[in-house]
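Below is the file upload.pdb, which contains PDB, C-alpha atoms.
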```pdb
ATOM      1  CA  MET A   1      12.041   1.323 -10.627
ATOM      2  CA  GLY A   2      13.285   0.355 -14.022
ATOM      3  CA  LYS A   3      12.817   1.836 -17.443
ATOM      4  CA  ALA A   4      10.207  -0.781 -18.357
ATOM      5  CA  TYR A   5       8.034   0.216 -15.386
ATOM      6  CA  ARG A   6       8.334   3.905 -16.254
ATOM      7  CA  PHE A   7       7.395   3.096 -19.861
ATOM      8  CA  LEU A   8       4.279   1.214 -18.710
ATOM      9  CA  GLU A   9       3.341   4.104 -16.421
ATOM     10  CA  LEU A  10       3.693   6.564 -19.311
ATOM     11  CA  LEU A  11       1.687   4.280 -21.585
ATOM     12  CA  ALA A  12      -1.111   4.041 -18.994
ATOM     13  CA  ASP A  13      -1.132   7.842 -18.656
ATOM     14  CA  ARG A  14      -1.370   8.310 -22.402
ATOM     15  CA  ALA A  15      -4.176   5.757 -22.642
ATOM     16  CA  GLU A  16      -5.998   7.531 -19.786
ATOM     17  CA  LEU A  17      -6.030   4.414 -17.616
ATOM     18  CA  GLU A  18      -5.239   6.362 -14.462
ATOM     19  CA  SER A  19      -8.276   5.032 -12.580
ATOM     20  CA  GLU A  20      -6.884   1.488 -12.583
ATOM     21  CA  PRO A  21      -3.594   0.697 -10.830
ATOM     22  CA  MET A  22      -0.905  -1.077 -12.798
ATOM     23  CA  LEU A  23      -0.301  -4.761 -12.224
ATOM     24  CA  ALA A  24       1.323  -5.534  -8.837
ATOM     25  CA  GLN A  25       1.116  -1.914  -7.733
ATOM     26  CA  PRO A  26      -0.072  -1.566  -4.117
ATOM     27  CA  ILE A  27      -3.694  -0.599  -3.543
ATOM     28  CA  ILE A  28      -4.594   1.005  -0.211
ATOM     29  CA  GLU A  29      -8.265   1.313   0.674
ATOM     30  CA  VAL A  30      -9.441   3.163   3.777
ATOM     31  CA  ALA A  31     -12.996   2.394   4.919
ATOM     32  CA  GLY A  32     -14.193   5.064   7.324
ATOM     33  CA  ASP A  33     -11.949   5.431  10.340
ATOM     34  CA  SER A  34     -11.825   1.786  11.379
ATOM     35  CA  ARG A  35     -10.506  -0.370   8.513
ATOM     36  CA  VAL A  36      -7.574  -0.353   6.056
ATOM     37  CA  LEU A  37      -7.064  -2.868   3.234
ATOM     38  CA  VAL A  38      -3.655  -3.138   1.548
ATOM     39  CA  GLU A  39      -3.300  -5.240  -1.590
ATOM     40  CA  ASN A  40      -0.034  -6.284  -3.254
ATOM     41  CA  HIS A  41       2.019  -5.815  -0.085
ATOM     42  CA  ARG A  42       5.455  -7.265   0.679
ATOM     43  CA  GLY A  43       4.976  -8.007   4.370
ATOM     44  CA  VAL A  44       4.830  -6.262   7.727
ATOM     45  CA  SER A  45       8.004  -4.660   9.087
ATOM     46  CA  ALA A  46       6.650  -3.355  12.429
ATOM     47  CA  TYR A  47       3.540  -4.117  14.449
ATOM     48  CA  SER A  48       2.005  -2.573  17.558
ATOM     49  CA  THR A  49      -1.488  -1.504  18.612
ATOM     50  CA  GLN A  50      -0.568   2.113  17.714
ATOM     51  CA  ARG A  51       1.396   1.669  14.463
ATOM     52  CA  ILE A  52       1.707  -0.921  11.700
ATOM     53  CA  LEU A  53       4.312  -0.607   8.939
ATOM     54  CA  ILE A  54       3.603  -2.457   5.688
ATOM     55  CA  LYS A  55       6.271  -2.901   3.018
ATOM     56  CA  VAL A  56       5.222  -2.114  -0.567
ATOM     57  CA  SER A  57       7.192  -2.063  -3.812
ATOM     58  CA  PHE A  58       8.311   1.566  -3.520
ATOM     59  CA  GLY A  59       8.447   2.128   0.230
ATOM     60  CA  THR A  60       6.396   1.675   3.377
ATOM     61  CA  VAL A  61       2.764   2.338   4.255
ATOM     62  CA  CYS A  62       2.390   3.519   7.857
ATOM     63  CA  VAL A  63      -0.994   3.051   9.558
ATOM     64  CA  CYS A  64      -1.300   4.886  12.890
ATOM     65  CA  GLY A  65      -4.123   4.805  15.375
ATOM     66  CA  CYS A  66      -5.372   3.107  18.511
ATOM     67  CA  GLY A  67      -6.224  -0.538  19.134
ATOM     68  CA  LEU A  68      -4.890  -1.581  15.728
ATOM     69  CA  GLN A  69      -5.163  -5.269  14.870
ATOM     70  CA  LEU A  70      -4.017  -7.159  11.825
ATOM     71  CA  ILE A  71      -7.134  -9.263  11.347
ATOM     72  CA  ARG A  72      -6.304 -10.933   8.028
ATOM     73  CA  MET A  73      -3.093 -11.383   6.091
ATOM     74  CA  THR A  74      -2.664 -13.378   2.920
ATOM     75  CA  LYS A  75       0.012 -13.262   0.253
ATOM     76  CA  GLU A  76      -2.085 -10.755  -1.721
ATOM     77  CA  GLN A  77      -3.750  -8.583   0.922
ATOM     78  CA  LEU A  78      -3.942  -7.604   4.552
ATOM     79  CA  VAL A  79      -6.677  -5.996   6.616
ATOM     80  CA  ILE A  80      -6.174  -3.761   9.647
ATOM     81  CA  ARG A  81      -8.937  -2.799  12.085
ATOM     82  CA  GLY A  82      -8.978  -0.309  14.935
ATOM     83  CA  ARG A  83      -9.305   3.451  15.260
ATOM     84  CA  ILE A  84      -7.401   4.764  12.237
ATOM     85  CA  ASP A  85      -5.842   8.192  12.797
ATOM     86  CA  SER A  86      -3.600   8.342   9.716
ATOM     87  CA  VAL A  87      -2.314   6.403   6.735
ATOM     88  CA  SER A  88       0.873   7.667   5.134
ATOM     89  CA  LEU A  89       3.396   6.619   2.513
ATOM     90  CA  GLN A  90       7.100   6.715   3.234
ATOM     91  CA  ARG A  91       8.703   6.488  -0.198
ATOM     92  CA  ARG A  92      12.021   4.676  -0.421
ATOM     93  CA  LYS A  93      14.838   6.978  -1.511
ATOM     94  CA  ALA A  94      15.907   6.733  -5.156
ATOM     95  CA  GLU A  95      19.036   4.673  -5.672
TER      96      GLU A  95
END
```

Represent the supplied structure as structure tokens.
Amino acid sequence: MGKAYRFLELLADRAELESEPMLAQPIIEVAGDSRVLVENHRGVSAYSTQRILIKVSFGTVCVCGCGLQLIRMTKEQLVIRGRIDSVSLQRRKAE
């Protein structure tokens, strides 16, 4: 991430805007144990009924569970349904 992004992050922190994500930053919403919504994604890199990997700007979101289905995918968001066991972030290593 560049200096401009870090500056905007610092500015948001100083302005106490932490409750709202910055523009184009991924938003991951977990609804109970059966639905995950990911906004501002960069595509799916792996897909099975037990694990779905979603690319985001700073790494990969890993959704694990049972009977997982990608029920909707648009340029802006995707929705996964099934029994959700875990959602984790695998941050890309700094360059």

*the PyMOL selection byres ((chain A and resi 39) around 8) on the file shown: which residues, as a VMD selection string?*
chain A and resid 26 to 28 37 to 38 40 to 41 76 to 78

*Which residue gives the smallest distance to Lys55 (chain A) among A:Gly32, A:Gly67, A:Gly2, A:Gly43, with all atoms listed in the file counted?*
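Among the listed residues, the smallest separation from Lys55 (chain A) belongs to A:Gly43.
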
*asked:* Considering only C-alpha atoms, can you say which of A:Val61, A:Gln25, A:Ser34, A:Gly82 comes closest to Thr49 (chain A)?
replied: A:Gly82

*Dump as a PyMOL selection string all residues having an atom at most 6 Å from (2.5, -1.7, 6.2), computed in the file's coordinates with all atoms listed in the file.*
chain A and resi 44+52-55+60-62

*Take CA of Val87 (chain A) and CA of Cys64 (chain A) and report the distance between them in Å, one decimal.*
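Between CA of Val87 (chain A) and CA of Cys64 (chain A) the gap is 6.4 Å.
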
*asked:* Taking the file as I've supplied it (selection: the PyMOL selection byres ((chain A and resi 85) around 8)), which residues are included? Please answer as a list in words.
replied: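 When the PyMOL selection byres ((chain A and resi 85) around 8) is applied, the selected residues are Asp33, Val63, Cys64, Gly65, Cys66, Arg83, Ile84, Ser86 and Val87 of chain A.
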
_the PyMOL selection byres ((chain A and resi 70) around 8) - which residues does that actually catch in the file I just gave you? List them as JSON, numbers by chain._
{"A": [68, 69, 71, 72, 73, 78, 79, 80, 81]}

_Two-atom distance - CA of Lys3 (chain A), CA of Phe58 (chain A) (Å)_ =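 Here the two named atoms are 14.6 Å from each other.
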
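The gap separating CA of Ala24 (chain A) from CA of Ser88 (chain A) is 19.2 Å, in Å to one decimal.
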
Give, as lines of an AutoDock Vina configuration file, the centre coordinates and the x, y and z edge lengths in Å to one decimal for an axis-aligned box around all listed atoms of region 34-41 of chain A, padded by 3 Å on each side.
```
center_x = -4.9
center_y = -2.2
center_z = 4.1
size_x = 19.8
size_y = 14.1
size_z = 20.6
```

*Between A:Arg91, A:Arg42, A:Arg35, A:Arg6, which is the closest to Thr74 (chain A) once you count all atoms listed in the file?*
A:Arg42
